[in-house]
2 protein chains.
Amino acid sequence: MTQESPTFSPLYRQIKTLILQALEAGEWLPGQVIPSEQELAARFNVSQGTVRKAIDEMAADNLLVRKQGKGTYVASHNDPRALFRFLRLVPMDGDLSHPQSLPLDCWRAKAGQEASRMLGIELGAPIIILRRLLKFGAKPVVIDEIYLPGEIFQGLSMEVLQGWSGSLYSLFETRFGLRMIRAQERIRAVGADRSTSDALKVPEGTPLLSVERVTYTYGDKPVEWRRGLYSTAEHYYLNELN
Amino acid sequence: MTQESPTFSPLYRQIKTLILQALEAGEWLPGQVIPSEQELAARFNVSQGTVRKAIDEMAADNLLVRKQGKGTYVASHNDPRALFRFLRLVPMDGDLSHPQSLPLDCWRAKAGQEASRMLGIELGAPIIILRRLLKFGAKPVVIDEIYLPGEIFQGLSMEVLQGWSGSLYSLFETRFGLRMIRAQERIRAVGADRSTSDALKVPEGTPLLSVERVTYTYGDKPVEWRRGLYSTAEHYYLNELN
DNA sequence: TAGTGGTCTAGACCACTGT
DNA sequence: CAGTGGTCTAGACCACTAC
């Protein structure tokens with residue numbers, strides 16, 4: 001007899017949506033401070049506690065970062081702490097040297113069936129394919145093949161890639177205004193083919209981790225599809241289950 | 001000049017600790033309701049909001065489950081929703097049939113170097129080793145070797161295992177009062193050896209996922225170490241990155 | 001000292017579940 | 001209907017950061 005409001009949404013969630021829209025619109029950029037809770041409360045005509053709850057959730061989602069005494073910041077992949085948010089590979093000895101990204105190839109193509117499905121774009125739409133090697137110290141450990149929608153990544157080229165010292169997502173964020181929010185990985189075990197075994201310096205047929213990742217930006221829009229082959233001779237993929 | 005309290009802990013965290021202790025002491029068992037927020041507030045002499053914040057965190061930690069209008073419950077592995085909390089394997093076709101656990105062996109032994117380190121017990125301490133097969137429908141997909149501290153799992157035997165229809169953690173919880181709180185998995189790719197290839201019905205040398213898991217109970221105490229070999233011909237390991 | 005987020009409280013009201 | 005968790009508010013005070 002009740003069940004009156006099937007679309008009930010608490011105030012703080014509406015506020016969350018509004019803040020999200022402001023973020024999406026680029027009102028505050030990654031790494032910058034957003035207005036104080038008091039200011040936002042005034043702007044949206046709600047109490048500070050309601051804004052607080054909205055921001056709490058967004059901080060839990062890794063969209064914002066709170067810093068006591070300073071303010072609330074827009075999360076950024078330029079932050080070195082963000083590097084291992086998506087890269088779960090860990091050296092078996094506790095070596096903490098940061099991995100180094102080496103671009104190998106970068107070319108344009110048209111989306112095939114799989115790429116178009118994964119990226120949610122038309123079959124035949126322009127895409128950019130990027131191959132790169134990840135090294136931990138001197139050891140090649142991961143070889144990635146990365147598929148990007150050409151429309152979004154207009155100016156991407158080998159020159160751009162080679163002139164960038166930070167992480168890939170850091171580049172995407174700074175150069176293309178694209179913020180990677182969440183990702184989903186599908187992991188399988190496969191044998192190394194000829195070219196992969198060359199790149200990773202392992203015998204042909206060596207078991208490797210195949211890690212397929214789809215990465216999403218605001219509004220759950222997929223903007224990257226990649227397949228990485230991980231050599232797990234001296235590294236492992238670490239996953240925390242809670 | 002300030003920095004007065006290096007061990008400052010907010011009230012709601014102290015309350016959280018108290019509730020945790022009550023849980024650990026078995027004051028409320030898995031699946032049962034805990035007292036209402038009002039009652040707990042009265043018991044601990046704080047406001048309802050403070051209890052609420054403590055419970056919020058524990059719910060986020062998957063220790064408690066809130067049910068509006070009914071109460072707050074102690075999380076339980078008997079809950080069917082908990083099955084896929086630690087098992088991240090998904091069929092490639094959307095088949096949702098629940099996996100079936102088939103115990104193969106169960107014997108007693110003494111902890112070797114690796115087991116003693118992983119389980120935080122003395123070298124040579126009694127342990128129980130358990131082998132089992134996981135099937136999705138008719139297909140064998142995972143073979144597990146599970147190491148348990150003998151002290152805790154006194155009465156565990158093949159008979160007990162075979163007489164249990166639910167999940168392993170559900171058995172541990174019900175039969176041994178052990179609640180699995182969190183786990184850590186280290187994933188690598190390996191080739192199937194002879195006995196594994198037999199059990200999983202795959203050719204020898206087939207690349208498999210090696211998933212080593214350490215599972216913890218209250219107080220970050222490790223109580224299970226297992227190694228699973230996953231056939232990823234028709235399944236994949238799914239991981240959400242946030 | 002001023003401004004920020006963090007904690008704690010008390011009270012009002014809403015939504016959901018059972019009887 | 002009474003009891004539960006869920007939301008929202010307003011105000012006081014604490015902890016941290018900067019100037």
# chains A, B, ... in the order shown; residues from 1 in each chain; ligands from 1
>>> interface_residues(of="chain A", to="chain C", cutoff="7 Å", atoms="only C-alpha atoms (C1' of nucleotides)", output="list in words")
Lys67, Gln68, Gly69, Lys70 and Gly71 of chain A
>>> select_by_dssp(residues="region 135-191 of chain A", states="strand (DSSP E or B)", output="count of residues only")
23
>>> interface_residues(of="chain D", to="chain A", cutoff="10 Å", atoms="only C-alpha atoms (C1' of nucleotides)", output="ChimeraX atom specification")
/D:6-10,15-18
>>> calpha_fit_and_write(fixed="chain B", moving="chain A", output="JSON list (two decimals) with C-alpha atoms, in the first residue's frame")
[["chain", "number", "residue", "atom", "x", "y", "z"],
["A", 1, "MET", "CA", 55.52, 22.95, 19.80],
["A", 2, "THR", "CA", 52.19, 21.19, 19.74],
["A", 3, "GLN", "CA", 51.89, 17.50, 18.70],
["A", 4, "GLU", "CA", 50.57, 16.84, 22.20],
["A", 5, "SER", "CA", 48.61, 13.63, 21.61],
["A", 6, "PRO", "CA", 50.36, 11.11, 19.40],
["A", 7, "THR", "CA", 47.83, 8.43, 20.38],
["A", 8, "PHE", "CA", 44.66, 10.46, 19.95],
["A", 9, "SER", "CA", 41.73, 8.29, 19.08],
["A", 10, "PRO", "CA", 38.25, 9.68, 18.52],
["A", 11, "LEU", "CA", 35.39, 8.40, 20.63],
["A", 12, "TYR", "CA", 33.68, 6.55, 17.82],
["A", 13, "ARG", "CA", 36.84, 4.52, 17.23],
["A", 14, "GLN", "CA", 36.98, 3.53, 20.86],
["A", 15, "ILE", "CA", 33.34, 2.48, 20.58],
["A", 16, "LYS", "CA", 34.24, 0.54, 17.47],
["A", 17, "THR", "CA", 36.92, -1.29, 19.41],
["A", 18, "LEU", "CA", 34.47, -2.10, 22.19],
["A", 19, "ILE", "CA", 31.93, -3.49, 19.75],
["A", 20, "LEU", "CA", 34.70, -5.47, 18.08],
["A", 21, "GLN", "CA", 35.69, -6.97, 21.40],
["A", 22, "ALA", "CA", 32.09, -7.95, 22.05],
["A", 23, "LEU", "CA", 31.95, -9.59, 18.62],
["A", 24, "GLU", "CA", 35.23, -11.38, 19.22],
["A", 25, "ALA", "CA", 34.00, -12.58, 22.60],
["A", 26, "GLY", "CA", 30.98, -14.05, 20.88],
["A", 27, "GLU", "CA", 28.46, -11.84, 22.60],
["A", 28, "TRP", "CA", 26.49, -11.78, 19.34],
["A", 29, "LEU", "CA", 26.90, -14.58, 16.83],
["A", 30, "PRO", "CA", 27.05, -14.37, 13.02],
["A", 31, "GLY", "CA", 23.63, -13.85, 11.52],
["A", 32, "GLN", "CA", 22.16, -12.46, 14.74],
["A", 33, "VAL", "CA", 20.98, -8.91, 15.43],
["A", 34, "ILE", "CA", 23.07, -6.71, 17.65],
["A", 35, "PRO", "CA", 21.40, -4.21, 20.02],
["A", 36, "SER", "CA", 19.89, -1.08, 18.53],
["A", 37, "GLU", "CA", 21.92, 2.08, 18.22],
["A", 38, "GLN", "CA", 19.98, 3.62, 21.09],
["A", 39, "GLU", "CA", 20.75, 0.71, 23.37],
["A", 40, "LEU", "CA", 24.43, 0.72, 22.48],
["A", 41, "ALA", "CA", 24.56, 4.48, 22.99],
["A", 42, "ALA", "CA", 23.12, 4.02, 26.49],
["A", 43, "ARG", "CA", 25.49, 1.16, 27.23],
["A", 44, "PHE", "CA", 28.58, 3.11, 26.23],
["A", 45, "ASN", "CA", 27.37, 6.48, 27.48],
["A", 46, "VAL", "CA", 27.71, 8.27, 24.17],
["A", 47, "SER", "CA", 25.25, 9.78, 21.75],
["A", 48, "GLN", "CA", 23.50, 7.72, 19.10],
["A", 49, "GLY", "CA", 25.42, 9.56, 16.39],
["A", 50, "THR", "CA", 28.73, 8.36, 17.77],
["A", 51, "VAL", "CA", 27.59, 4.74, 17.85],
["A", 52, "ARG", "CA", 26.28, 5.25, 14.34],
["A", 53, "LYS", "CA", 29.64, 6.35, 13.07],
["A", 54, "ALA", "CA", 31.32, 3.33, 14.67],
["A", 55, "ILE", "CA", 28.79, 0.98, 13.10],
["A", 56, "ASP", "CA", 29.14, 2.78, 9.76],
["A", 57, "GLU", "CA", 32.79, 1.88, 9.65],
["A", 58, "MET", "CA", 32.19, -1.71, 10.67],
["A", 59, "ALA", "CA", 29.53, -2.05, 7.99],
["A", 60, "ALA", "CA", 32.04, -0.70, 5.46],
["A", 61, "ASP", "CA", 34.48, -3.35, 6.72],
["A", 62, "ASN", "CA", 31.88, -6.06, 6.09],
["A", 63, "LEU", "CA", 31.75, -6.93, 9.77],
["A", 64, "LEU", "CA", 28.15, -5.80, 10.24],
["A", 65, "VAL", "CA", 25.19, -5.52, 7.93],
["A", 66, "ARG", "CA", 22.55, -2.82, 8.40],
["A", 67, "LYS", "CA", 18.94, -3.51, 7.52],
["A", 68, "GLN", "CA", 16.65, -0.54, 7.68],
["A", 69, "GLY", "CA", 13.63, -1.07, 9.86],
["A", 70, "LYS", "CA", 14.99, -4.33, 11.25],
["A", 71, "GLY", "CA", 18.33, -3.80, 12.90],
["A", 72, "THR", "CA", 22.06, -4.36, 12.50],
["A", 73, "TYR", "CA", 23.29, -7.90, 11.97],
["A", 74, "VAL", "CA", 26.58, -9.67, 12.43],
["A", 75, "ALA", "CA", 27.93, -10.55, 8.99],
["A", 76, "SER", "CA", 28.01, -14.26, 8.26],
["A", 77, "HIS", "CA", 29.50, -16.52, 5.62],
["A", 78, "ASN", "CA", 26.29, -18.50, 5.77],
["A", 79, "ASP", "CA", 24.75, -15.64, 3.86],
["A", 80, "PRO", "CA", 24.75, -16.74, 0.20],
["A", 81, "ARG", "CA", 25.72, -13.22, -0.81],
["A", 82, "ALA", "CA", 29.04, -13.80, 0.96],
["A", 83, "LEU", "CA", 30.10, -16.65, -1.31],
["A", 84, "PHE", "CA", 31.65, -14.49, -4.00],
["A", 85, "ARG", "CA", 33.22, -12.11, -1.54],
["A", 86, "PHE", "CA", 36.46, -14.09, -1.66],
["A", 87, "LEU", "CA", 35.95, -16.11, -4.82],
["A", 88, "ARG", "CA", 36.54, -13.81, -7.75],
["A", 89, "LEU", "CA", 36.25, -16.40, -10.47],
["A", 90, "VAL", "CA", 33.56, -15.82, -13.09],
["A", 91, "PRO", "CA", 32.45, -17.97, -16.03],
["A", 92, "MET", "CA", 33.10, -16.36, -19.41],
["A", 93, "ASP", "CA", 29.58, -17.09, -20.54],
["A", 94, "GLY", "CA", 27.28, -15.54, -17.96],
["A", 95, "ASP", "CA", 26.47, -18.91, -16.39],
["A", 96, "LEU", "CA", 25.60, -18.31, -12.76],
["A", 97, "SER", "CA", 25.45, -21.85, -11.42],
["A", 98, "HIS", "CA", 27.03, -21.97, -8.00],
["A", 99, "PRO", "CA", 30.32, -23.80, -7.76],
["A", 100, "GLN", "CA", 30.45, -27.13, -5.97],
["A", 101, "SER", "CA", 33.20, -28.07, -3.55],
["A", 102, "LEU", "CA", 34.57, -31.62, -3.63],
["A", 103, "PRO", "CA", 36.97, -32.58, -0.84],
["A", 104, "LEU", "CA", 39.73, -34.91, -2.07],
["A", 105, "ASP", "CA", 42.08, -35.44, 0.85],
["A", 106, "CYS", "CA", 42.50, -34.30, 4.42],
["A", 107, "TRP", "CA", 45.48, -35.18, 6.55],
["A", 108, "ARG", "CA", 47.55, -33.97, 9.47],
["A", 109, "ALA", "CA", 51.17, -32.81, 9.24],
["A", 110, "LYS", "CA", 53.73, -30.56, 10.85],
["A", 111, "ALA", "CA", 54.20, -26.99, 9.71],
["A", 112, "GLY", "CA", 57.13, -26.50, 7.36],
["A", 113, "GLN", "CA", 58.96, -23.23, 6.92],
["A", 114, "GLU", "CA", 56.49, -21.66, 4.53],
["A", 115, "ALA", "CA", 53.33, -22.74, 6.36],
["A", 116, "SER", "CA", 54.69, -21.61, 9.70],
["A", 117, "ARG", "CA", 55.56, -18.21, 8.31],
["A", 118, "MET", "CA", 52.26, -17.73, 6.53],
["A", 119, "LEU", "CA", 50.15, -18.90, 9.46],
["A", 120, "GLY", "CA", 52.27, -17.26, 12.15],
["A", 121, "ILE", "CA", 52.76, -20.51, 14.04],
["A", 122, "GLU", "CA", 55.80, -22.45, 15.28],
["A", 123, "LEU", "CA", 57.88, -24.51, 12.92],
["A", 124, "GLY", "CA", 56.68, -28.09, 13.37],
["A", 125, "ALA", "CA", 53.38, -27.12, 14.93],
["A", 126, "PRO", "CA", 50.47, -29.37, 13.94],
["A", 127, "ILE", "CA", 48.63, -28.38, 10.80],
["A", 128, "ILE", "CA", 45.86, -29.85, 8.71],
["A", 129, "ILE", "CA", 46.24, -30.05, 4.95],
["A", 130, "LEU", "CA", 43.18, -30.24, 2.82],
["A", 131, "ARG", "CA", 42.86, -30.73, -0.89],
["A", 132, "ARG", "CA", 39.68, -30.06, -2.75],
["A", 133, "LEU", "CA", 38.30, -29.55, -6.20],
["A", 134, "LEU", "CA", 35.94, -26.80, -7.23],
["A", 135, "LYS", "CA", 33.51, -27.50, -10.03],
["A", 136, "PHE", "CA", 31.34, -25.13, -11.97],
["A", 137, "GLY", "CA", 28.60, -27.40, -13.23],
["A", 138, "ALA", "CA", 30.39, -30.48, -14.55],
["A", 139, "LYS", "CA", 33.68, -28.67, -15.18],
["A", 140, "PRO", "CA", 36.58, -28.92, -12.73],
["A", 141, "VAL", "CA", 38.00, -25.39, -12.53],
["A", 142, "VAL", "CA", 40.01, -24.97, -9.35],
["A", 143, "ILE", "CA", 42.15, -27.28, -7.31],
["A", 144, "ASP", "CA", 42.98, -26.00, -3.85],
["A", 145, "GLU", "CA", 45.53, -27.03, -1.27],
["A", 146, "ILE", "CA", 44.58, -25.56, 2.08],
["A", 147, "TYR", "CA", 46.76, -25.30, 5.18],
["A", 148, "LEU", "CA", 45.11, -24.81, 8.56],
["A", 149, "PRO", "CA", 46.48, -24.54, 12.10],
["A", 150, "GLY", "CA", 45.73, -27.88, 13.75],
["A", 151, "GLU", "CA", 45.16, -26.26, 17.10],
["A", 152, "ILE", "CA", 42.15, -24.33, 15.89],
["A", 153, "PHE", "CA", 40.62, -26.94, 13.61],
["A", 154, "GLN", "CA", 40.66, -29.86, 16.03],
["A", 155, "GLY", "CA", 37.82, -32.05, 14.81],
["A", 156, "LEU", "CA", 38.23, -31.42, 11.07],
["A", 157, "SER", "CA", 38.11, -34.57, 8.96],
["A", 158, "MET", "CA", 36.91, -35.89, 5.62],
["A", 159, "GLU", "CA", 33.66, -36.97, 7.25],
["A", 160, "VAL", "CA", 32.96, -33.47, 8.52],
["A", 161, "LEU", "CA", 33.81, -31.99, 5.13],
["A", 162, "GLN", "CA", 31.66, -34.39, 3.20],
["A", 163, "GLY", "CA", 28.72, -33.87, 5.51],
["A", 164, "TRP", "CA", 28.69, -30.15, 4.86],
["A", 165, "SER", "CA", 26.74, -28.64, 2.00],
["A", 166, "GLY", "CA", 27.65, -24.94, 2.32],
["A", 167, "SER", "CA", 30.88, -23.09, 1.68],
["A", 168, "LEU", "CA", 34.12, -23.86, 3.47],
["A", 169, "TYR", "CA", 34.14, -20.58, 5.36],
["A", 170, "SER", "CA", 30.57, -21.21, 6.34],
["A", 171, "LEU", "CA", 31.72, -24.49, 7.87],
["A", 172, "PHE", "CA", 34.63, -22.83, 9.65],
["A", 173, "GLU", "CA", 32.28, -20.26, 11.11],
["A", 174, "THR", "CA", 29.58, -22.66, 12.23],
["A", 175, "ARG", "CA", 31.70, -25.57, 13.35],
["A", 176, "PHE", "CA", 34.81, -23.81, 14.66],
["A", 177, "GLY", "CA", 33.55, -20.35, 15.56],
["A", 178, "LEU", "CA", 36.09, -18.81, 13.19],
["A", 179, "ARG", "CA", 35.08, -15.72, 11.28],
["A", 180, "MET", "CA", 37.08, -14.87, 8.18],
["A", 181, "ILE", "CA", 37.37, -11.11, 7.99],
["A", 182, "ARG", "CA", 39.75, -10.30, 5.18],
["A", 183, "ALA", "CA", 42.21, -11.98, 2.88],
["A", 184, "GLN", "CA", 45.18, -11.20, 0.68],
["A", 185, "GLU", "CA", 45.83, -12.93, -2.60],
["A", 186, "ARG", "CA", 49.08, -13.19, -4.54],
["A", 187, "ILE", "CA", 48.51, -14.19, -8.11],
["A", 188, "ARG", "CA", 50.99, -15.66, -10.56],
["A", 189, "ALA", "CA", 50.89, -17.71, -13.73],
["A", 190, "VAL", "CA", 52.29, -21.24, -13.70],
["A", 191, "GLY", "CA", 52.22, -24.36, -15.87],
["A", 192, "ALA", "CA", 50.08, -27.34, -14.87],
["A", 193, "ASP", "CA", 52.08, -30.24, -13.47],
["A", 194, "ARG", "CA", 51.08, -33.83, -13.98],
["A", 195, "SER", "CA", 48.68, -34.32, -11.07],
["A", 196, "THR", "CA", 47.07, -30.93, -11.54],
["A", 197, "SER", "CA", 46.52, -31.50, -15.24],
["A", 198, "ASP", "CA", 44.79, -34.76, -14.33],
["A", 199, "ALA", "CA", 42.51, -33.15, -11.78],
["A", 200, "LEU", "CA", 41.56, -30.20, -13.95],
["A", 201, "LYS", "CA", 41.38, -32.22, -17.17],
["A", 202, "VAL", "CA", 43.78, -30.00, -19.05],
["A", 203, "PRO", "CA", 47.00, -30.85, -20.90],
["A", 204, "GLU", "CA", 50.20, -30.88, -18.86],
["A", 205, "GLY", "CA", 51.91, -27.50, -19.00],
["A", 206, "THR", "CA", 48.70, -25.54, -19.56],
["A", 207, "PRO", "CA", 49.05, -22.03, -18.09],
["A", 208, "LEU", "CA", 47.09, -21.74, -14.87],
["A", 209, "LEU", "CA", 46.47, -19.01, -12.36],
["A", 210, "SER", "CA", 48.25, -19.69, -9.09],
["A", 211, "VAL", "CA", 46.31, -17.89, -6.38],
["A", 212, "GLU", "CA", 47.90, -17.91, -2.95],
["A", 213, "ARG", "CA", 45.62, -16.66, -0.25],
["A", 214, "VAL", "CA", 46.17, -15.83, 3.39],
["A", 215, "THR", "CA", 42.94, -15.31, 5.30],
["A", 216, "TYR", "CA", 42.69, -13.41, 8.55],
["A", 217, "THR", "CA", 40.28, -13.43, 11.43],
["A", 218, "TYR", "CA", 39.86, -10.81, 14.17],
["A", 219, "GLY", "CA", 43.01, -9.02, 15.22],
["A", 220, "ASP", "CA", 44.62, -9.65, 11.83],
["A", 221, "LYS", "CA", 45.41, -13.18, 12.90],
["A", 222, "PRO", "CA", 46.13, -15.46, 9.91],
["A", 223, "VAL", "CA", 44.16, -18.71, 10.15],
["A", 224, "GLU", "CA", 44.28, -20.09, 6.64],
["A", 225, "TRP", "CA", 46.83, -20.35, 3.92],
["A", 226, "ARG", "CA", 45.81, -21.83, 0.62],
["A", 227, "ARG", "CA", 47.07, -22.18, -2.87],
["A", 228, "GLY", "CA", 44.59, -22.56, -5.66],
["A", 229, "LEU", "CA", 45.31, -23.43, -9.27],
["A", 230, "TYR", "CA", 42.66, -21.96, -11.55],
["A", 231, "SER", "CA", 41.93, -23.16, -15.03],
["A", 232, "THR", "CA", 41.12, -20.07, -17.07],
["A", 233, "ALA", "CA", 39.96, -21.76, -20.24],
["A", 234, "GLU", "CA", 36.35, -20.82, -19.58],
["A", 235, "HIS", "CA", 36.61, -18.59, -16.53],
["A", 236, "TYR", "CA", 38.45, -15.49, -15.51],
["A", 237, "TYR", "CA", 39.45, -13.80, -12.30],
["A", 238, "LEU", "CA", 37.49, -10.56, -12.00],
["A", 239, "ASN", "CA", 38.85, -7.59, -10.08],
["A", 240, "GLU", "CA", 37.26, -4.21, -9.57],
["A", 241, "LEU", "CA", 39.66, -1.29, -9.14],
["A", 242, "ASN", "CA", 38.32, 1.83, -7.47]]
>>> select_by_dssp(residues="region 92-214 of chain B", states="alpha helix (DSSP H)", output="NGL selection string")
:B and (113-119 or 158-162 or 168-176 or 194-200)
>>> write_last_selection(atoms="C-alpha atoms", output="CSV table (one decimal), in the first residue's frame")
chain,number,residue,atom,x,y,z
B,113,GLN,CA,59.0,-23.3,6.8
B,114,GLU,CA,56.5,-21.7,4.5
B,115,ALA,CA,53.4,-22.8,6.3
B,116,SER,CA,54.7,-21.7,9.7
B,117,ARG,CA,55.6,-18.3,8.3
B,118,MET,CA,52.3,-17.8,6.5
B,119,LEU,CA,50.2,-19.0,9.4
B,158,MET,CA,36.9,-35.9,5.7
B,159,GLU,CA,33.7,-37.0,7.3
B,160,VAL,CA,33.0,-33.5,8.6
B,161,LEU,CA,33.8,-32.0,5.2
B,162,GLN,CA,31.6,-34.4,3.3
B,168,LEU,CA,34.2,-23.9,3.5
B,169,TYR,CA,34.2,-20.6,5.4
B,170,SER,CA,30.6,-21.2,6.4
B,171,LEU,CA,31.8,-24.4,7.9
B,172,PHE,CA,34.7,-22.8,9.7
B,173,GLU,CA,32.3,-20.2,11.1
B,174,THR,CA,29.6,-22.6,12.2
B,175,ARG,CA,31.7,-25.5,13.4
B,176,PHE,CA,34.9,-23.8,14.7
B,194,ARG,CA,50.9,-33.9,-14.0
B,195,SER,CA,48.6,-34.4,-11.1
B,196,THR,CA,47.0,-31.0,-11.6
B,197,SER,CA,46.4,-31.6,-15.3
B,198,ASP,CA,44.7,-34.8,-14.3
B,199,ALA,CA,42.4,-33.2,-11.8
B,200,LEU,CA,41.5,-30.2,-14.0
